[in-house]
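**Student:** Take this structure first; my questions come after.
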Amino acid sequence: MAKGDLVERMIGAATLDIQTFEEVEADPTATGQAAAVVAMAAIAAGIGLAREGLWAALVSPVWALVAWLLWAGVTFLIGTRLLGGTATWGELLRTLGFAQSPGVLYLVGILPLVGGLVRLILPFWILAAGIIGIRQALDFSTGKAILTTLLGWLVMAIPAMMIGGSFFMDR
């Protein structure tokens with residue numbers, strides 16, 4: 001694998017290659033690349049999921065980057081403070097950013113027959129890559145990485161449901 005090459009790193013992350021996650025974890029200059037991966041996956045999802053057209057394709061990268069920053073912070077706190085992992089926030093940013101690499105395939109979602117299957121498989125693929133990224137960054141077991149993911153999802157989902165619920169209750 002070409003060290004530092006964005007496309008090679010994306011392929012490595014998408015193929016769940018542990019060495020790729022170790023490489024981006026250790027490379028502080030890869031944070032910008034990880035942000036680019038998050039933005040590309042968000043644009044692909046905006047187009048491939050045919051949400052709200054051009055507006056979604058333009059706005060979704062901003063929201064995806066904010067969610068990525070928050071998710072890395074939540075997993076950092078849970079993984080290091082609660083479960084004893086060792087990582088920096090930057091290491092989690094990079095591994096979780098590259099874990100979004102399969103998301104560029106959301107573009108295939110616009111195809112009539114295979115699109116539905118791709119849209120069904122990709123969230124699980126991205127989840128698996130995220131768990132590997134968390135495990136490698138925090139230097140602990142797969143079980144702890146899964147627990148970090150579940151706890152982090154709860155931390156992120158509960159306030160989101162409360163905000164969303166209050167928004168819809170007022171209407």
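Here's how to read the names in the structure tokens: chain A, B, ... by the order shown, residue numbers from 1 in each chain, ligand numbers from 1 in the order shown.
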Please provide the set of residues having any atom within 8 Å of region 111-122 of chain A, restricted to only C-alpha atoms, with same-chain residues fewer than 4 positions apart removed, written as a ChimeraX atom specification.

**Tutor:** /A:49,102-103,105-106,126

**Student:** DSSP on the backbone, helix (DSSP H, G or I) only: what residues of region 37-89 of chain A does that give? Format it as a PyMOL selection string.

**Tutor:** chain A and resi 37-48+54-82+89

**Student:** Go ahead and compute the interatomic distance for CA of Leu58 (chain A) and CA of Gly32 (chain A), in Å to one decimal.

**Tutor:** 18.8 Å

**Student:** Please report the interatomic distance between CA of Leu83 (chain A) and CA of Gly143 (chain A) in Å with one decimal.

**Tutor:**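 It comes out at 10.8 Å.
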
**Student:** How far is it from CA of Met156 (chain A) to CA of Leu70 (chain A), in Å with one decimal?

**Tutor:** 8.5 Å

**Student:** Which residue is closest to Gln19 (chain A)? Choose from A:Ile43, A:Val59, A:Ala137, A:Val38 and count only C-alpha atoms.

**Tutor:**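 Of all the options, A:Ala137 lies closest to Gln19 (chain A).
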
**Student:** I need the residue nearest Gly130 (chain A) from this list: A:Trp89, A:Trp153, A:Trp63, A:Phe98. Use only C-alpha atoms for the distance.

**Tutor:** A:Phe98

**Student:** Do you know which residues are at most 10 Å from Gly73 (chain A) counting only C-alpha atoms, after dropping those on the same chain fewer than 3 positions away, and could you put them as a PyMOL selection string?

**Tutor:** chain A and resi 67-70+76-79+88-90+92-93+152

**Student:** Hey, what's within 10 Å of region 7-14 of chain A if we count only C-alpha atoms and toss same-chain stuff fewer than 5 positions away? As a list in words, please?

**Tutor:** Met1, Ala2, Gln19, Thr20, Phe21, Glu23, Val24, Ala30, Gln33, Ala34, Val37, Thr95, Leu96, Gly97, Phe98, Ala99, Gln100, Ser101, Pro102, Gly103, Val104, Trp125, Ile126, Ala128, Ala129, Gly130, Ile132 and Gly133 of chain A

**Student:** Within 7 Å of Gly85 (chain A), counting only C-alpha atoms, which residues show up once you throw out same-chain ones fewer than 3 positions away? Write them as a ChimeraX atom specification, please.

**Tutor:** /A:79-80,138-140

**Student:** With only C-alpha atoms as the atoms that count, which of A:Leu151, A:Glu91, A:Leu127, A:Ala41 lies nearest to Leu16 (chain A)?

**Tutor:** A:Leu127
